[in-house]
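J.: Let me begin by handing over the structure; questions about it come next.
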There are 2 protein chains.
Amino acid sequence: MRVYELIKKKRDGGALSREELRFLVGGYLSGEVPDYQMAAFLMAAFLRGLSREETVELTEVMLRSGEVLDLTEMDAPRIDKHSTGGVGDKVSIVLAPLVAAAGVAVPMISGRALGHTGGTLDKLESIPGFRTEMSIADFRHALWETGVAIMGQTDDIAPADRRLYALRDVTATVESIPLIASSIMSKKLAEGLNGLVLDVKTGSGAFMKTMEDAEALAAVLAETGNSFGVRTVAVITDMDEPLGRTVGNSLEIKECINVLKGRADEDILDVILTLGSWMLYIADWVQRAVDEPGTEVPRITSVDEAALSEKRAELKELLESGTALESFVDFVERQGGNPEIIANPGLLPGASRMKQVHAPSDGYVQRVDAEKIGIASMLLGAGRQRIEDRIDHGAGIMLNRKSGSAVRKGDPVAVLHYNDEGNLAEVLQLVNEAFVIGPEPPGPRKMIRKVVL
Amino acid sequence: MRVYELIKKKRDGGALSREELRFLVGGYLSGEVPDYQMAAFLMAAFLRGLSREETVELTEVMLRSGEVLDLTEMDAPRIDKHSTGGVGDKVSIVLAPLVAAAGVAVPMISGRALGHTGGTLDKLESIPGFRTEMSIADFRHALWETGVAIMGQTDDIAPADRRLYALRDVTATVESIPLIASSIMSKKLAEGLNGLVLDVKTGSGAFMKTMEDAEALAAVLAETGNSFGVRTVAVITDMDEPLGRTVGNSLEIKECINVLKGRADEDILDVILTLGSWMLYIADWVQRAVDEPGTEVPRITSVDEAALSEKRAELKELLESGTALESFVDFVERQGGNPEIIANPGLLPGASRMKQVHAPSDGYVQRVDAEKIGIASMLLGAGRQRIEDRIDHGAGIMLNRKSGSAVRKGDPVAVLHYNDEGNLAEVLQLVNEAFVIGPEPPGPRKMIRKVVL
């Protein structure tokens with residue numbers, strides 16, 4: 001087998017077998033396949049695509065390049081949620097302890113902020129003392145003790161994906177649906193899951209700007225997860241506008257505490273309850289097979305809407321009763337965070353300066369562009385332009401108005417929180433441009449765009 | 001300007017400006033652009049193509065990366081011929097001294113055997129004493145003295161092409177028409193030419209297997225040459241069957257001597273006279289402008305068929321009168337070769353063993369597959385699988401029969417010449433497969449397929 005022939009095959013639109021992908025990726029990891037050959041292959045794969053089978057095989061090759069957790073000793077079903085990334089997407093921080101409160105184990109390996117999108121790890125690290133670096137043993141124990149654990153990717157998990165991602169990042173081969181899908185799934189499938197709910201974002205603040213791309217990615221993700229025996233559902237949700245009313249790390253933690261206290265904006269509550277009810281639904285589905293030993297867990301091909309609604313009601317009750325908040329406290333404490341932040345949010349890192357942004361005219365907010373707000377927040381210090389950039393946990397943007405709100409000229413529509421005013425002029429321009437005001441109220445925003453089984 | 005953005009632009013089908021190509025290729029040469037980014041760019045260029053303008057710009061960037069000969073001190077017009085490579089293609093060795101005998105200077109930088117194709121330099125080096133490594137000063141002097149000089153590419157000529165070609169060779173990005181065209185032309189345009197005739201081969205033994213690809217390459221080559229003010233004509237010729245009746249270095253030199261003595265097979269004579277008459281035609285065309293100072297040399301847009309026929313007759317006369325042979329002797333002596341080979345071909349390296357290949361049945365030879373014969377000859381030692389392989393100058397294949405010949409079962413159709421029998425079984429199978437015998441005579445073979453101005 002020659003690497004040259006494999007590049008040529010993909011260049012000419014052919015499909016690589018499992019053995020060929022293993023040879024290529026294995027050779028890359030061992031140093032026998034140089035960067036330039038892998039770069040040529042990646043560009044060919046970007047432009048020619050990968051078949052469903054190739055995507056599954058590539059996922060497996062990358063998954064098997066590292067450690068794969070075996071959590072079968074746990075009684076509870078292990079269900080995770082993964083989002084493709086967005087602006088103000090703080091869902092995991094509420095959802096993981098909430099679902100754990102319903103008796104499901106949530107082993108979650110999360111990511112960091114990059115470009116206009118935020119990262120769950122950075123948000124959690126704004127809680128004083130909170131540790132996201134854990135050994136796999138500690139991760140396992142935390143999961144046993146509190147039913148939920150969130151950590152960063154370790155060097156042991158899918159090292160092939162890390163190497164390939166770094167190369168894609170400098171060769172303009174990131175935005176490929178099969179490459180994105182295999183990258184996500186090679187890490188998620190290492191978590192020893194029974195089920196997975198994917199939140200595929202679509203719109204201005206998402207990587208998949210169009211519904212068409214989001215549907216294609218959702219289909220490949222669901223197919224790949226299911227082909228590994230992990231019951232996987234992909235939910236396509238709106239990311240045209242930031243989720244909730246805060247963007248930035250401390251600010252988003254404060255909003256999460258409000259959501260856990262039962263004070264949530266409609267958009268984020270809808271996303272949390274939809275993803276959460278699917279997690280519980282899959283947990284039941286998987287549990288049924290576990291309860292009857294010898295039964296293979298079938299793929300979910302249709303939905304019992306009544307059962308799904310029950311799950312939603314159950315989660316609502318857990319939020320309203322304060323049980324979810326208790327679970328959050330346990331989770332934060334277990335990972336070294338100071339739970340006093342709940343009573344006293346002033347313990348979170350803050351910003352020394354604030355600035356209001358005003359409505360330029362009377363009317364209704366038509367939309368708040370998620371990408372522009374994401375970039376503005378990054379420029380204030382809340383995100384990273386490059387992987388090596390440091391985060392300012394106190395910086396961010398509070399949105400006083402969102403789509404559908406009536407405004408009068410001069411109303412404060414957003415408040416910038418910052419410690420460094422270096423990019424302030426650019427940020428102000430971006431935030432001003434992000435708010436689109438029109439004379440009539442816009443149509444209602446549909447958060448849940450599609451469910452892909 | 002960021003390399004990432006240039007890769008992305010090409011990936012998405014955009015066209016790079018001269019400045020962008022200069023930045024990219026210049027950065028690659030200086031080491032600022034790493035191999036892996038250039039490899040990703042090359043694959044994107046392979047799959048997305050380059051526009052005519054980009055091809056010209058890339059040619060210029062590579063041309064200007066090294067030394068460009070200025071031969072304007074010469075009185076004679078400087079016209080070269082370049083072939084895209086084939087099997088048994090010994091044309092240059094006859095054509096260069098032949099055209100020089102007609103008063104045209106032929107500064108030729110040639111290549112080496114690779115894969116199933118032969119190389120002019122390797123063929124010439126089978127002449128005892130012949131040197132193809134020359135300094136540029138020596139090349140210039142030889143041209144002054146004998147009107148013809150053939151040497152290998154030096155490190156000083158188009159170094160960017162050499163670097164890029166090496167990378168293309170290992171990343172499956174060689175067979176791209178614009179990349180091939182800019183590679184060829186960046187070297188040819190360094191020769192200080194007034195005119196250039198390109199022999200674009202098509203058929204089994206050529207890189208361009210189809211007429212469609214050959215036409216596309218011919219058009220880009222002609223366009224590029226002309227846009228640099230070098231009057232360029234591309235002639236598409238048949239390479240479905242080897243040219244002449246020998247394949248292999250010493251054997252081909254012997255055949256060249258026969259051609260120069262007026263004993264040529266029809267196919268090779270037709271190609272030599274056609275290419276040669278175009279070289280003389282362009283020389284006259286260019287000379288007319290030189291004779292009337294201040295006149296710009298216009299592009300050739302139509303042909304004076306009578307003038308072209310006259311040139312053909314002139315070349316025939318030079319062959320028949322022995323003048324071309326004298327020119328060949330001067331050329332060989334000037335580059336250190338032993339001219340005794342003409343009277344005594346036994347001075348050329350030989351093969352210790354020979355083996356006949358027999359016709360499997362009665363009938364007519366339909367075709368002799370050029371690629372199979374080329375690979376067989378390479379496996380006998382006459383060519384190179386890898387650049388670092390050594391050539392056995394004595395090895396090769398003599399073709400007793402070619403398409404159109406009547407054969408009886410058992411007739412010797414070819415003779416293998418070899419010193420190393422390591423690959424003999426494979427070679428025999430290839431040569432047997434190369435000869436296709438049928439009951440009826442095939443249609444006549446058309447050597448000159450098209451002329452692209």
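Here's how to read the names in the structure tokens: chain A, B, ... by the order shown, residue numbers from 1 in each chain, ligand numbers from 1 in the order shown.
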What are the nearest atom pairs, with distances in Å to one decimal, for all residues of stretch 276-352 of chain B that come at most 6 Å from stretch 392-395 of chain B, using only C-alpha atoms, set out by chain and rising residue number as JSON lines?

T.:
{"residue": "B:Pro349", "atom": "CA", "partner": "B:Gly394", "partner_atom": "CA", "distance": 4.9}
{"residue": "B:Gly350", "atom": "CA", "partner": "B:Gly394", "partner_atom": "CA", "distance": 4.2}
{"residue": "B:Ala351", "atom": "CA", "partner": "B:Gly394", "partner_atom": "CA", "distance": 5.0}

J.: Show me, as a ChimeraX atom specification, the residues that have an atom within 8 Å of A:Val286 when counting only C-alpha atoms, minus same-chain residues fewer than 3 positions from it.

T.: /A:77,194-195,231,282-283,289-290,297

J.: Compile a residue-level contact table for stretch 353-420 of chain B against stretch 242-248 of chain B at a cut-off of 8 Å, reporting for every qualifying residue the shortest atom pair and its distance in Å to one decimal, with only C-alpha atoms counted, rows ordered by chain and ascending number, as CSV.

T.:
residue,atom,partner,partner_atom,distance
B:Val368,CA,B:Pro242,CA,7.3
B:Asp369,CA,B:Pro242,CA,7.5
B:Ala370,CA,B:Pro242,CA,4.9
B:Ile373,CA,B:Pro242,CA,7.5
B:Gly374,CA,B:Val247,CA,7.4
B:Ser377,CA,B:Gly248,CA,6.5
B:Ala382,CA,B:Gly248,CA,5.3
B:Gly383,CA,B:Gly248,CA,7.7
B:His393,CA,B:Gly248,CA,7.1
B:Gly394,CA,B:Gly248,CA,7.3
B:Ala395,CA,B:Gly248,CA,6.0
B:Gly396,CA,B:Gly248,CA,4.1
B:Ile397,CA,B:Val247,CA,5.2
B:Met398,CA,B:Thr246,CA,4.6
B:Leu399,CA,B:Arg245,CA,4.9
B:Asn400,CA,B:Arg245,CA,6.9
B:Lys402,CA,B:Arg245,CA,7.8

J.: Residues of stretch 95-328 of chain B classed as strand (DSSP E or B) by DSSP on the backbone are to be reported as number ranges by chain.

T.: B: 105-110, 114, 117, 148-152, 195-202, 208, 231-238, 246-247

J.: Save out the residues we just selected, N, CA, C and O atoms, as a short mmCIF file (atom, residue, chain, number, x, y, z; two decimals), in the first residue's frame.

T.:
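And here's out21.cif as it stands now:
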data_model
loop_
_atom_site.label_atom_id
_atom_site.label_comp_id
_atom_site.auth_asym_id
_atom_site.auth_seq_id
_atom_site.Cartn_x
_atom_site.Cartn_y
_atom_site.Cartn_z
N ALA B 105 19.52 28.48 -34.49
CA ALA B 105 20.17 28.07 -33.24
C ALA B 105 19.16 27.30 -32.38
O ALA B 105 18.01 27.74 -32.25
N VAL B 106 19.61 26.17 -31.84
CA VAL B 106 18.71 25.33 -31.02
C VAL B 106 19.29 25.15 -29.61
O VAL B 106 20.08 24.25 -29.37
N PRO B 107 18.88 26.02 -28.68
CA PRO B 107 19.33 25.88 -27.28
C PRO B 107 18.31 25.01 -26.56
O PRO B 107 17.18 25.42 -26.37
N MET B 108 18.72 23.79 -26.21
CA MET B 108 17.74 22.83 -25.69
C MET B 108 18.14 22.35 -24.29
O MET B 108 19.22 21.82 -24.10
N ILE B 109 17.21 22.55 -23.35
CA ILE B 109 17.41 22.00 -22.00
C ILE B 109 16.46 20.81 -21.89
O ILE B 109 15.25 20.97 -22.01
N SER B 110 17.04 19.62 -21.71
CA SER B 110 16.25 18.39 -21.80
C SER B 110 16.08 17.70 -20.47
O SER B 110 16.67 18.10 -19.46
N LEU B 114 11.79 8.79 -16.90
CA LEU B 114 11.07 8.53 -15.65
C LEU B 114 9.82 7.73 -15.98
O LEU B 114 9.09 8.07 -16.92
N THR B 117 8.47 6.55 -19.71
CA THR B 117 9.00 7.42 -20.77
C THR B 117 10.52 7.52 -20.70
O THR B 117 11.11 7.44 -19.63
N VAL B 148 23.89 24.31 -31.94
CA VAL B 148 23.02 23.43 -31.16
C VAL B 148 23.73 23.03 -29.88
O VAL B 148 24.95 22.81 -29.87
N ALA B 149 22.97 22.96 -28.78
CA ALA B 149 23.51 22.49 -27.51
C ALA B 149 22.36 21.89 -26.72
O ALA B 149 21.24 22.43 -26.74
N ILE B 150 22.63 20.74 -26.12
CA ILE B 150 21.59 20.08 -25.31
C ILE B 150 22.18 19.80 -23.93
O ILE B 150 23.23 19.15 -23.82
N MET B 151 21.53 20.30 -22.90
CA MET B 151 22.03 20.03 -21.54
C MET B 151 20.87 19.76 -20.59
O MET B 151 19.70 19.93 -20.94
N GLY B 152 21.21 19.33 -19.40
CA GLY B 152 20.22 19.07 -18.38
C GLY B 152 19.88 20.35 -17.64
O GLY B 152 20.59 21.35 -17.75
N GLY B 195 11.38 31.42 -30.45
CA GLY B 195 10.25 30.58 -30.84
C GLY B 195 10.35 29.21 -30.22
O GLY B 195 11.43 28.78 -29.79
N LEU B 196 9.22 28.53 -30.17
CA LEU B 196 9.17 27.22 -29.53
C LEU B 196 8.12 26.36 -30.21
O LEU B 196 7.01 26.84 -30.48
N VAL B 197 8.51 25.12 -30.52
CA VAL B 197 7.54 24.16 -31.03
C VAL B 197 7.34 23.08 -29.98
O VAL B 197 8.32 22.50 -29.49
N LEU B 198 6.10 22.87 -29.60
CA LEU B 198 5.81 21.87 -28.57
C LEU B 198 5.23 20.63 -29.23
O LEU B 198 4.30 20.72 -30.04
N ASP B 199 5.78 19.49 -28.88
CA ASP B 199 5.26 18.22 -29.37
C ASP B 199 4.43 17.62 -28.24
O ASP B 199 4.97 17.05 -27.29
N VAL B 200 3.12 17.81 -28.33
CA VAL B 200 2.23 17.31 -27.28
C VAL B 200 1.77 15.91 -27.68
O VAL B 200 1.06 15.74 -28.67
N LYS B 201 2.24 14.93 -26.95
CA LYS B 201 1.95 13.53 -27.28
C LYS B 201 0.57 13.14 -26.77
O LYS B 201 0.16 13.56 -25.68
N THR B 202 -0.12 12.30 -27.54
CA THR B 202 -1.39 11.77 -27.06
C THR B 202 -1.47 10.28 -27.36
O THR B 202 -0.91 9.82 -28.35
N MET B 208 -0.85 12.56 -21.61
CA MET B 208 -2.22 12.93 -22.00
C MET B 208 -2.79 11.77 -22.81
O MET B 208 -2.51 11.64 -24.00
N ARG B 231 7.15 33.06 -29.88
CA ARG B 231 6.17 32.55 -30.84
C ARG B 231 6.12 31.04 -30.72
O ARG B 231 7.10 30.34 -30.98
N THR B 232 4.98 30.54 -30.31
CA THR B 232 4.85 29.15 -29.88
C THR B 232 3.77 28.44 -30.68
O THR B 232 2.68 28.97 -30.86
N VAL B 233 4.11 27.24 -31.17
CA VAL B 233 3.15 26.40 -31.87
C VAL B 233 3.17 25.04 -31.18
O VAL B 233 4.25 24.52 -30.88
N ALA B 234 2.00 24.47 -30.94
CA ALA B 234 1.94 23.14 -30.34
C ALA B 234 1.40 22.15 -31.37
O ALA B 234 0.36 22.39 -31.97
N VAL B 235 2.15 21.07 -31.59
CA VAL B 235 1.74 20.04 -32.54
C VAL B 235 1.37 18.80 -31.74
O VAL B 235 2.18 18.31 -30.94
N ILE B 236 0.16 18.33 -31.92
CA ILE B 236 -0.27 17.12 -31.20
C ILE B 236 0.06 15.91 -32.06
O ILE B 236 -0.37 15.82 -33.22
N THR B 237 0.88 15.00 -31.53
CA THR B 237 1.29 13.83 -32.32
C THR B 237 0.95 12.53 -31.60
O THR B 237 0.78 12.51 -30.38
N ASP B 238 0.86 11.48 -32.40
CA ASP B 238 0.45 10.18 -31.89
C ASP B 238 1.51 9.52 -31.02
O ASP B 238 2.68 9.42 -31.41
N THR B 246 12.92 1.40 -32.10
CA THR B 246 13.73 1.05 -30.92
C THR B 246 13.26 1.81 -29.70
O THR B 246 12.76 2.93 -29.81
N VAL B 247 13.41 1.17 -28.56
CA VAL B 247 13.13 1.79 -27.27
C VAL B 247 14.28 1.39 -26.35
O VAL B 247 14.57 0.20 -26.19
#

J.: Using only C-alpha atoms, I'd like every residue of chain B that has an atom within 7 Å of chain A; please write them out as a PyMOL selection string.

T.: chain B and resi 4+7-8+35-37+39-40+43-44+170-172
